[in-house]
$ cat start12.cif   # mmCIF, C-alpha atoms
data_structure
loop_
_atom_site.label_atom_id
_atom_site.label_comp_id
_atom_site.auth_asym_id
_atom_site.auth_seq_id
_atom_site.Cartn_x
_atom_site.Cartn_y
_atom_site.Cartn_z
CA MET A 1 0.00 0.00 0.00
CA THR A 2 1.30 3.43 -0.83
CA THR A 3 0.68 6.25 1.60
CA SER A 4 0.92 8.96 -1.02
CA ALA A 5 -2.19 10.00 -2.92
CA SER A 6 -1.88 9.79 -6.66
CA VAL A 7 -2.11 13.12 -8.44
CA PRO A 8 -4.05 13.15 -11.72
CA THR A 9 -1.79 14.10 -14.61
CA GLY A 10 -3.99 13.72 -17.69
CA PRO A 11 -4.92 16.63 -19.96
CA GLU A 12 -8.39 16.75 -18.42
CA ASP A 13 -6.73 17.63 -15.10
CA ALA A 14 -4.44 20.35 -16.46
CA ILE A 15 -4.44 23.68 -14.69
CA ASP A 16 -5.70 26.59 -16.81
CA ALA A 17 -2.98 28.80 -18.31
CA GLY A 18 -0.34 27.50 -15.90
CA HIS A 19 -2.24 28.61 -12.80
CA SER A 20 -2.32 26.38 -9.76
CA VAL A 21 -5.44 25.63 -7.75
CA THR A 22 -4.11 27.97 -5.08
CA ASP A 23 -3.74 30.70 -7.70
CA ARG A 24 -7.43 30.25 -8.53
CA LEU A 25 -8.33 30.43 -4.84
CA VAL A 26 -6.41 33.69 -4.44
CA GLU A 27 -8.11 35.10 -7.53
CA ALA A 28 -11.52 34.10 -6.17
CA ASN A 29 -10.65 35.79 -2.89
CA GLY A 30 -9.87 39.02 -4.72
CA LYS A 31 -13.37 38.98 -6.24
CA TYR A 32 -14.90 38.14 -2.84
CA ALA A 33 -12.96 40.90 -1.09
CA SER A 34 -13.96 43.51 -3.68
CA ALA A 35 -17.60 43.14 -2.60
CA PHE A 36 -16.88 42.33 1.05
CA THR A 37 -18.45 44.37 3.80
CA ASP A 38 -17.31 43.90 7.37
CA PRO A 39 -20.26 42.16 9.10
CA GLY A 40 -19.23 43.74 12.40
CA MET A 41 -19.19 40.49 14.35
CA ASP A 42 -16.60 39.09 16.69
CA ALA A 43 -15.31 35.53 17.11
CA ARG A 44 -18.10 34.50 19.50
CA PRO A 45 -20.59 32.30 17.65
CA VAL A 46 -24.14 33.63 17.72
CA GLN A 47 -25.67 30.18 18.26
CA ARG A 48 -23.09 29.35 20.99
CA VAL A 49 -22.37 25.98 19.35
CA ALA A 50 -19.22 24.24 18.18
CA VAL A 51 -19.54 21.68 15.39
CA VAL A 52 -16.88 18.98 15.09
CA ALA A 53 -17.01 17.22 11.73
CA CYS A 54 -15.04 15.31 9.16
CA MET A 55 -13.04 17.26 6.60
CA ASP A 56 -14.72 15.32 3.76
CA ALA A 57 -15.40 17.70 0.86
CA ARG A 58 -18.95 16.33 0.45
CA LEU A 59 -20.09 17.90 3.74
CA ASP A 60 -21.38 21.45 3.33
CA LEU A 61 -22.03 21.93 7.03
CA HIS A 62 -23.48 25.42 6.94
CA ALA A 63 -26.03 24.46 4.29
CA ALA A 64 -26.82 21.08 5.87
CA LEU A 65 -27.40 22.62 9.32
CA GLY A 66 -29.06 25.88 8.26
CA LEU A 67 -26.20 27.96 9.63
CA LYS A 68 -25.01 31.39 8.55
CA LEU A 69 -21.65 33.08 8.88
CA GLY A 70 -21.00 33.75 12.55
CA ASP A 71 -23.41 31.12 13.89
CA CYS A 72 -20.91 28.47 15.01
CA HIS A 73 -17.35 27.39 15.45
CA THR A 74 -16.48 24.65 12.98
CA ILE A 75 -13.68 22.22 13.81
CA ARG A 76 -12.82 19.71 11.09
CA ASN A 77 -10.35 16.88 10.73
CA ALA A 78 -10.08 13.46 9.12
CA GLY A 79 -13.04 11.49 10.46
CA GLY A 80 -14.37 14.24 12.70
CA VAL A 81 -12.57 12.39 15.48
CA VAL A 82 -12.23 13.98 18.92
CA THR A 83 -8.46 14.17 19.33
CA ASP A 84 -6.37 16.16 21.80
CA ASP A 85 -6.31 19.03 19.32
CA VAL A 86 -10.11 18.99 19.03
CA ILE A 87 -10.33 19.13 22.84
CA ARG A 88 -7.91 22.10 22.73
CA SER A 89 -10.11 23.89 20.20
CA LEU A 90 -13.33 23.09 22.10
CA THR A 91 -11.77 24.29 25.35
CA ILE A 92 -10.89 27.64 23.77
CA SER A 93 -14.32 27.77 22.10
CA GLN A 94 -16.09 27.25 25.43
CA ARG A 95 -13.89 28.99 27.94
CA ALA A 96 -12.80 32.01 25.89
CA LEU A 97 -15.55 32.39 23.32
CA GLY A 98 -18.77 31.32 25.01
CA THR A 99 -19.97 28.17 23.28
CA ARG A 100 -22.26 25.90 25.29
CA SER A 101 -23.26 23.11 22.88
CA VAL A 102 -21.23 20.60 20.87
CA ALA A 103 -22.48 18.77 17.78
CA LEU A 104 -20.33 15.91 16.51
CA ILE A 105 -20.85 14.90 12.89
CA HIS A 106 -19.35 11.82 11.26
CA HIS A 107 -20.65 10.55 7.91
CA THR A 108 -21.32 7.49 5.82
CA GLY A 109 -18.60 6.30 3.47
CA CYS A 110 -15.77 7.85 5.49
CA GLY A 111 -12.25 7.17 4.28
CA LEU A 112 -11.14 6.32 7.83
CA GLU A 113 -13.28 3.19 7.61
CA SER A 114 -10.86 1.79 5.03
CA LEU A 115 -7.63 2.64 6.87
CA THR A 116 -5.94 0.98 9.81
CA GLU A 117 -3.22 2.01 12.21
CA GLU A 118 -0.93 0.13 9.79
CA PHE A 119 -1.02 3.39 7.81
CA ARG A 120 1.40 4.84 10.39
CA HIS A 121 3.79 1.92 9.89
CA ASP A 122 3.64 2.40 6.12
CA LEU A 123 4.45 6.09 6.56
CA GLU A 124 7.39 5.22 8.77
CA MET A 125 8.73 2.85 6.12
CA GLU A 126 8.26 5.48 3.41
CA VAL A 127 9.71 8.55 5.14
CA GLY A 128 11.86 7.08 7.90
CA GLN A 129 9.93 8.59 10.81
CA ARG A 130 6.86 7.27 12.63
CA PRO A 131 4.10 9.87 13.05
CA ALA A 132 3.38 10.89 16.64
CA TRP A 133 -0.36 10.98 15.90
CA ALA A 134 -2.81 8.09 15.69
CA VAL A 135 -4.77 7.47 12.50
CA GLU A 136 -7.98 7.03 14.57
CA ALA A 137 -9.37 4.64 11.96
CA PHE A 138 -12.67 2.91 12.72
CA ARG A 139 -14.95 0.22 11.33
CA ASP A 140 -18.25 1.21 12.99
CA VAL A 141 -19.19 4.86 12.44
CA ASP A 142 -21.93 4.78 15.12
CA GLN A 143 -19.49 3.45 17.73
CA ASP A 144 -16.91 6.05 16.77
CA VAL A 145 -19.50 8.80 17.27
CA ARG A 146 -20.24 7.34 20.73
CA GLN A 147 -16.52 7.31 21.53
CA SER A 148 -16.20 10.94 20.41
CA MET A 149 -19.18 11.96 22.57
CA GLN A 150 -17.59 10.20 25.55
CA ARG A 151 -14.26 11.95 25.00
CA VAL A 152 -16.00 15.34 25.02
CA ARG A 153 -18.22 14.54 28.00
CA THR A 154 -15.32 13.33 30.15
CA SER A 155 -12.73 15.97 29.31
CA PRO A 156 -11.71 17.84 32.46
CA PHE A 157 -10.99 20.95 30.36
CA LEU A 158 -14.53 21.40 29.05
CA VAL A 159 -17.06 23.14 31.28
CA HIS A 160 -20.17 22.56 29.15
CA THR A 161 -20.69 18.85 28.56
CA ASP A 162 -24.44 18.53 29.12
CA ASP A 163 -25.40 19.38 25.51
CA VAL A 164 -23.13 17.10 23.48
CA ARG A 165 -24.88 15.27 20.66
CA GLY A 166 -23.56 13.05 17.91
CA PHE A 167 -24.79 12.38 14.39
CA VAL A 168 -24.01 10.48 11.21
CA PHE A 169 -24.55 12.48 8.02
CA ASP A 170 -25.68 10.35 5.09
CA VAL A 171 -23.71 11.54 2.06
CA THR A 172 -26.34 10.16 -0.36
CA THR A 173 -29.45 11.68 1.26
CA GLY A 174 -28.10 14.68 3.16
CA LEU A 175 -29.92 13.57 6.32
CA LEU A 176 -28.51 13.46 9.83
CA ARG A 177 -29.12 10.40 11.98
CA GLU A 178 -28.70 10.97 15.70
CA ILE A 179 -26.63 8.44 17.63
CA ASP A 180 -27.76 7.29 21.07
CA PRO A 181 -24.77 7.82 23.38
CA SER A 182 -25.33 4.61 25.37
#
$ encode --input "start12.cif" --output "structure tokens"
Amino acid sequence: MTTSASVPTGPEDAIDAGHSVTDRLVEANGKYASAFTDPGMDARPVQRVAVVACMDARLDLHAALGLKLGDCHTIRNAGGVVTDDVIRSLTISQRALGTRSVALIHHTGCGLESLTEEFRHDLEMEVGQRPAWAVEAFRDVDQDVRQSMQRVRTSPFLVHTDDVRGFVFDVTTGLLREIDPS
């Protein structure tokens, strides 16, 4: 197994006029900024909620949850797994910026369901150094949501653990399915 993603190289994948994807993002930002008006809000989310979700490109969280700019803190990583860094972000979100609720969102068809911790070994063999982080792969998305809820609820750093709910987003229907924490 290779640990490096293959990069498409065919003519259909060519970048326009020698511009990179990042160049296109910067150009799009210029257009955005030209019409931008400061909304006058601060970093405190209006809905006082933090959403932890997978980084999967198929999840448009704001649209799926009916959220607008400024409504929530969004924390994303591979799998939407509650790691030490997620706890760090949630702690800052709660203690410094006023959030009170946490929504955890995993999804169907997650890439972490097809990986194992062997991925770390493969990386070590490829680059000569073992990653300090865990892959956090899983086979049962519902159980992983339960584990994530438990990690949030039992963290000594978080002061608001009474409104922690977990969901699985179905990437084919767009619906959330709530997971019973027990």
$ resolve_selection --input "start12.cif" --expression "the PyMOL selection byres ((chain A and resi 182) around 12)" --output "list of chain:residue names"
A:Asp142, A:Gln143, A:Val145, A:Arg146, A:Gln147, A:Met149, A:Gln150, A:Arg165, A:Gly166, A:Ile179, A:Asp180, A:Pro181
$ closest_residue --input "start12.cif" --among "A:Thr99, A:Gln94, A:Asn77, A:Ser89" --to "Val46 of chain A" --atoms "all atoms listed in the file"
A:Thr99
$ residues_around --input "start12.cif" --residues "Thr74 of chain A" --least-positions-apart "4" --cutoff "9 Å" --atoms "only C-alpha atoms" --output "list in words"
Val49, Ala50, Val51, Val52, Ala53 and Leu61 of chain A
$ residues_near_point --input "start12.cif" --point "(-12.8, 37.1, 20.4)" --cutoff "9 Å" --atoms "only C-alpha atoms" --output "list in words"
Asp42, Ala43, Arg44, Ala96 and Leu97 of chain A
$ closest_residue --input "start12.cif" --among "A:Gly30, A:Pro39, A:Gly79, A:Pro156" --to "Glu113 of chain A" --atoms "all atoms listed in the file"
A:Gly79
$ atom_distance --input "start12.cif" --atom1 "atom CA of Asp71 of chain A" --atom2 "atom CA of Arg48 of chain A"
7.3 Å
$ axis_aligned_box --input "start12.cif" --around "segment 62-71 of chain A" --padding-each-side "5 Å" --output "lines of an AutoDock Vina configuration file"
center_x = -25.0
center_y = 27.4
center_z = 9.1
size_x = 18.1
size_y = 22.7
size_z = 19.6
